[in-house]
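Participant: Questions regarding the structure given below will be posed in turn.
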Amino acid sequence: MVMHAIEVVDNRLVWQPTDKPSPGFGEVLIKVSATAVNRADLAQVAGGYPPPPGASNILGLECSGTVVEVGSQVGSFEVGDEVCALLSGGGYAEYVNVPAGQVLRKPDRLSLIEAAALPEVFATAYLNIFMEANASIGESVLIHSGASGVGTAAIQLCKAFGNPCFVTVGFDAKVRACQKLGATAGCNRRVEDFEARVLEWTGDMGVDVILDPVGGRYLASNLRCLAVDGRLVVIGLMGGADATLPLGRMMVKRQRVIGSTLRARSIEAKSAVMSQLFERVWPRIEAGDVNAIVDHTIPLADAQQAHDLIRTDQTIGKVVLVAE
């Protein structure tokens, strides 16, 4: 059987025929209604973020759609269920296989387009702030790239779970958008010294948790912004992979630096994150306290346009690709 999917041809995204997958043991086959663009997709196109062994080479780390086939030993879903899913790859396609543990029923309040903007960013934000860094009620959080998909998810989770947060962004309008979502304060990193602003915001105490997709270029400033017993979680390397680590400062302040990725984790680990989302976050989505933040919708066949848009750094939240 044949389907259409986005393939990378000479560093361009092309909609073309490819083999349609079939669900294996413990998997469901989803007819994709929508998927969403993540920075990891752009990195994969550039050759810097290959899929883990056994994962689809097709781009796309999340999707929404309808279950059309169920593999053996799957009792949690039936054909016809509307769902969204966390993927290791394969979302930029008409159909995708997913381990059942990485699939959640679509929140009733949201459309399938909105649901496509949930899995990757909310799993990333929740995993790293509340599981890796173990943020407790009242602890403060610094969120870099606060207007990104992960950033907008993280802001809403911090507000929902009682964690004041400070965001860094690239434009004044994004500061205002993040505060509207629930950020306590923020700054435009292009014109302000975020380190000074964060320390001012915390009365020179520093923040308890930092969520950082930048990496090397921010390491020294991040550690100076981090409180005693603070945790820095590095989830990306947009600012480089290398930096000097000031071990003395870390020891005196009992700071921890945690490196974290989601994509390469085991099915069991990703399923555990999704279970936590269903238990703790999905009810807040249904109640309207947490929302999918969709900046643009673009036809899936025009994925190149979506990648070009992400590169402008003008978006707030997610760019969603809609299957037609």
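Chain labels run A, B, ... following the order of the structure tokens; each chain numbers its residues from 1, and ligands are numbered from 1 in the order shown.
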Show me a table, sorted first by chain and then by increasing residue number, of the residues of stretch 184-242 of chain A having an atom at most 12 Å from stretch 115-125 of chain A, each with its shortest atom pair and the distance in Å to one decimal, counting only C-alpha atoms and written as a Markdown table.
Facilitator:
```
| residue | atom | partner | partner_atom | distance |
| --- | --- | --- | --- | --- |
| A:Ile210 | CA | A:Ala125 | CA | 11.2 |
| A:Leu211 | CA | A:Ala125 | CA | 8.2 |
| A:Asp212 | CA | A:Ala125 | CA | 10.6 |
| A:Pro213 | CA | A:Thr124 | CA | 11.0 |
| A:Val233 | CA | A:Ala125 | CA | 10.5 |
| A:Val234 | CA | A:Thr124 | CA | 11.4 |
| A:Ile235 | CA | A:Thr124 | CA | 8.6 |
| A:Gly236 | CA | A:Thr124 | CA | 11.2 |
```
Participant: I need the chosen residues saved as a CSV table (one decimal), in the first residue's frame, with C-alpha atoms.
Facilitator:
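File produced: again.csv:
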```csv
chain,number,residue,atom,x,y,z
A,210,ILE,CA,16.0,26.8,34.3
A,211,LEU,CA,14.6,25.3,31.1
A,212,ASP,CA,17.2,26.0,28.4
A,213,PRO,CA,17.2,25.1,24.7
A,233,VAL,CA,17.9,21.4,32.4
A,234,VAL,CA,19.5,21.7,29.0
A,235,ILE,CA,17.2,20.5,26.2
A,236,GLY,CA,18.8,22.0,23.1
```
Participant: DSSP on the backbone: what in stretch 212-313 of chain A comes out alpha helix (DSSP H), as a PyMOL selection string?
Facilitator: chain A and resi 219-225+247-253+267-276+282-287+303-311
Participant: Keeping C-alpha atoms, export the residues of the selection given above as a short mmCIF file (atom, residue, chain, number, x, y, z; two decimals), in the first residue's frame.
Facilitator:
```cif
data_model
loop_
_atom_site.label_atom_id
_atom_site.label_comp_id
_atom_site.auth_asym_id
_atom_site.auth_seq_id
_atom_site.Cartn_x
_atom_site.Cartn_y
_atom_site.Cartn_z
CA LEU A 219 25.83 28.19 30.47
CA ALA A 220 27.81 30.73 32.50
CA SER A 221 24.90 33.18 32.75
CA ASN A 222 22.48 30.39 33.57
CA LEU A 223 24.58 29.21 36.48
CA ARG A 224 24.88 32.75 37.81
CA CYS A 225 21.07 32.99 37.60
CA LEU A 247 32.70 23.51 39.10
CA GLY A 248 33.55 25.61 42.15
CA ARG A 249 30.40 27.69 41.85
CA MET A 250 28.33 24.56 41.29
CA MET A 251 29.71 22.87 44.38
CA VAL A 252 29.29 25.89 46.67
CA LYS A 253 25.69 26.44 45.52
CA ILE A 267 8.75 3.54 24.65
CA GLU A 268 8.25 2.81 28.35
CA ALA A 269 9.79 6.13 29.39
CA LYS A 270 7.79 8.14 26.87
CA SER A 271 4.63 6.29 27.82
CA ALA A 272 5.23 7.24 31.46
CA VAL A 273 5.44 10.92 30.49
CA MET A 274 2.23 10.67 28.47
CA SER A 275 0.49 8.97 31.38
CA GLN A 276 1.46 11.89 33.60
CA TRP A 282 -5.45 16.84 30.31
CA PRO A 283 -8.02 17.80 33.01
CA ARG A 284 -6.65 21.35 32.96
CA ILE A 285 -6.95 21.44 29.18
CA GLU A 286 -10.56 20.25 29.41
CA ALA A 287 -11.23 22.93 32.03
CA ALA A 303 5.81 21.86 4.87
CA GLN A 304 8.73 23.76 3.36
CA GLN A 305 6.77 26.98 3.82
CA ALA A 306 6.25 26.11 7.48
CA HIS A 307 9.96 25.48 8.04
CA ASP A 308 10.81 28.78 6.38
CA LEU A 309 8.32 30.53 8.67
CA ILE A 310 9.85 28.99 11.81
CA ARG A 311 13.27 30.27 10.74
#
```
Participant: From the list A:Met3, A:Leu181, A:Ala40, A:Leu29, which residue is nearest A:Asp289 when using only C-alpha atoms?
Facilitator: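 Checking each candidate against A:Asp289, we get A:Leu181 as the closest.
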Participant: Which of stretch 3-247 of chain A counts as strand (DSSP E or B) under DSSP, as a ChimeraX atom specification please?
Facilitator: /A:3-9,12-19,27-36,62-70,82-86,93,95-99,103-105,141-144,165-169,185-188,207-212,226-234
Participant: Hey, which of A:Cys165, A:Val319, A:Ala264, A:Ala100 ends up closest to A:Ala55? Count only C-alpha atoms.
Facilitator: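 Smallest separation from A:Ala55 among the options: A:Ala264.
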Participant: For each of A:Pro164, A:Pro246, A:Gly288, A:Pro99, take the minimum atom-to-atom distance to A:Ser22, counting only C-alpha atoms, then give the residue where this is smallest.
Facilitator: A:Pro99
